[in-house]
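Novice: Here it is, the structure, as structure tokens.
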Amino acid sequence: MPRPRSKGPLVAVLLIGFVVLGIATIGVVAATRDSSQAGDSGYSGYSSYTYSPEPTTTTSDSPTTADSTTRPSTSTTQAGPKAVIALGDNPIHSADLGAFDIAGCPLPAMDYSPAGQDQFLRAALPCVEAMWKPSFTKANLPYQPVELVMVTSQITNTCGSMGPDRTAMYCDGTIYWTPNHYANEQGTANPNHPGKYLGQLAHEYGHHVQWLSGILRASGEAQYEQGGWDTPAGLELNRRKELQATCFGGMTLAPLSHGAVPGDVISVALTDAGNRGDYPIYPNRDHGAPERNSAWVNHGFKNNNTSACNTWVAGAAEVS
């Protein structure tokens with residue numbers, strides 16, 4: 001997830017620490033966490049969490065005959081597509097994969113209350129799912145819709161604990177959205193606008209793409225091997241992860257810019273993503289500088305190809 005914007009009267013929430021137990025998933029705005037990997041729309045730390053395996057498609061054929069209750073049954077399990085635990089050479093980076101065009105995406109008028117945000121995001125998600133699912137089929141990777149949870153009080157999930165005052169968090173197939181944080185994240189230089197919400201949703205969904213493909217697990221394992229997320233090598237890996245989610249977010253916005261949603265919503269979404277990242281007030285450089293976030297979200301938007309968002313093979317300066 002991207003970090004919170006450093007504009008207006010917004011006070012950035014920094015969450016602390018992070019203990020990787022073999023896998024990771026955290027979002028992107030700018031708040032800090034506890035100790036590992038998860039998806040926070042802007043953090044410089046991570047909550048500790050237990051990783052859940054990426055989904056796989058399986059079918060089981062069991063006997064349906066009348067005497068099946070009186071004799072041992074035999075079952076055949078047919079494995080479907082499976083996530084690939086790899087980074088730069090993950091099949092999601094294959095050529096000609098991206099967010100596909102859709103006919104339209106009717107969104108309700110934005111109401112900035114928790115219920116209004118929930119309605120807006122749930123109306124946008126089927127559009128996002130329809131744009132991305134074909135690429136998973138082409139890459140022979142598993143697919144499942146993302147879940148959405150509104151966080152208005154302190155909660156605990158498999159990635160740790162979080163409160164309503166932090167930025168959004170992605171964890172094991174679910175986006176945990178904090179509506180009060182986003183409604184309050186505004187000022188004269190950062191007014192509330194539907195584009196901010198769509199842009200942040202796109203970023204968090206970028207983590208879902210990483211989770212389904214196996215990239216999140218691979219990045220968590222790589223950070224563990226480097227001694228933790230908060231080592232210099234671990235932080236660079238984290239920046240690559242977060243900047244890729246930002247790039248995937250730009251890809252999500254590309255088809256929607258062809259008339260599916262108003263142009264000002266797309267414009268604000270891109271600008272907002274480009275204003276998030278590692279400002280000097282954050283103790284750890286785990287999301288990439290705002291300039292890098294701006295570059296990657298626009299790169300994804302202009303190219304709409306997953307191979308263009310392969311931050312794992314980019315030079316160090318591109319993920320600084």
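Following the order of the structure tokens, chains are lettered A, B, ..., residues in each are numbered from 1, and ligands are numbered from 1.
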Counting only C-alpha atoms, which residues of region 77-106 of chain A sit at most 9 Å from some atom of region 131-147 of chain A, and what is each one's closest atom pair with its distance in Å to one decimal, listed by chain and rising residue number, as a Markdown table?

Specialist:
```
| residue | atom | partner | partner_atom | distance |
| --- | --- | --- | --- | --- |
| A:Gly80 | CA | A:Pro142 | CA | 7.4 |
| A:Pro81 | CA | A:Pro142 | CA | 4.9 |
| A:Lys82 | CA | A:Pro142 | CA | 5.5 |
| A:Ala83 | CA | A:Leu141 | CA | 5.8 |
| A:Val84 | CA | A:Leu141 | CA | 7.9 |
| A:Pro91 | CA | A:Ala139 | CA | 6.0 |
| A:Ile92 | CA | A:Ala139 | CA | 6.1 |
| A:His93 | CA | A:Ala139 | CA | 8.7 |
| A:Ser94 | CA | A:Ala139 | CA | 7.2 |
| A:Asp96 | CA | A:Ser135 | CA | 8.4 |
| A:Leu97 | CA | A:Ser135 | CA | 5.3 |
| A:Gly98 | CA | A:Ser135 | CA | 6.2 |
| A:Ala99 | CA | A:Met131 | CA | 4.8 |
| A:Phe100 | CA | A:Met131 | CA | 4.5 |
| A:Asp101 | CA | A:Met131 | CA | 6.3 |
| A:Ile102 | CA | A:Met131 | CA | 6.6 |
```

Novice: Find the residue from A:Gly163, A:Gly88, A:Gly234, A:Pro191 that sits nearest to Cys309 (chain A); use only C-alpha atoms when measuring.

Specialist: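 Of all the options, A:Gly88 lies closest to Cys309 (chain A).
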
Novice: Report the residues of region 144-312 of chain A whose backbone DSSP state falls under alpha helix (DSSP H), written as an MDAnalysis selection string.

Specialist: chainID A and resid 179:184 194:213 215:225 232:256 263:274 290:303

Novice: Write out as a PyMOL selection string which residues come within 7 Å of Asp278 (chain A) when counting only C-alpha atoms, dropping same-chain ones fewer than 2 positions away.

Specialist: chain A and resi 280+282+285+287-290
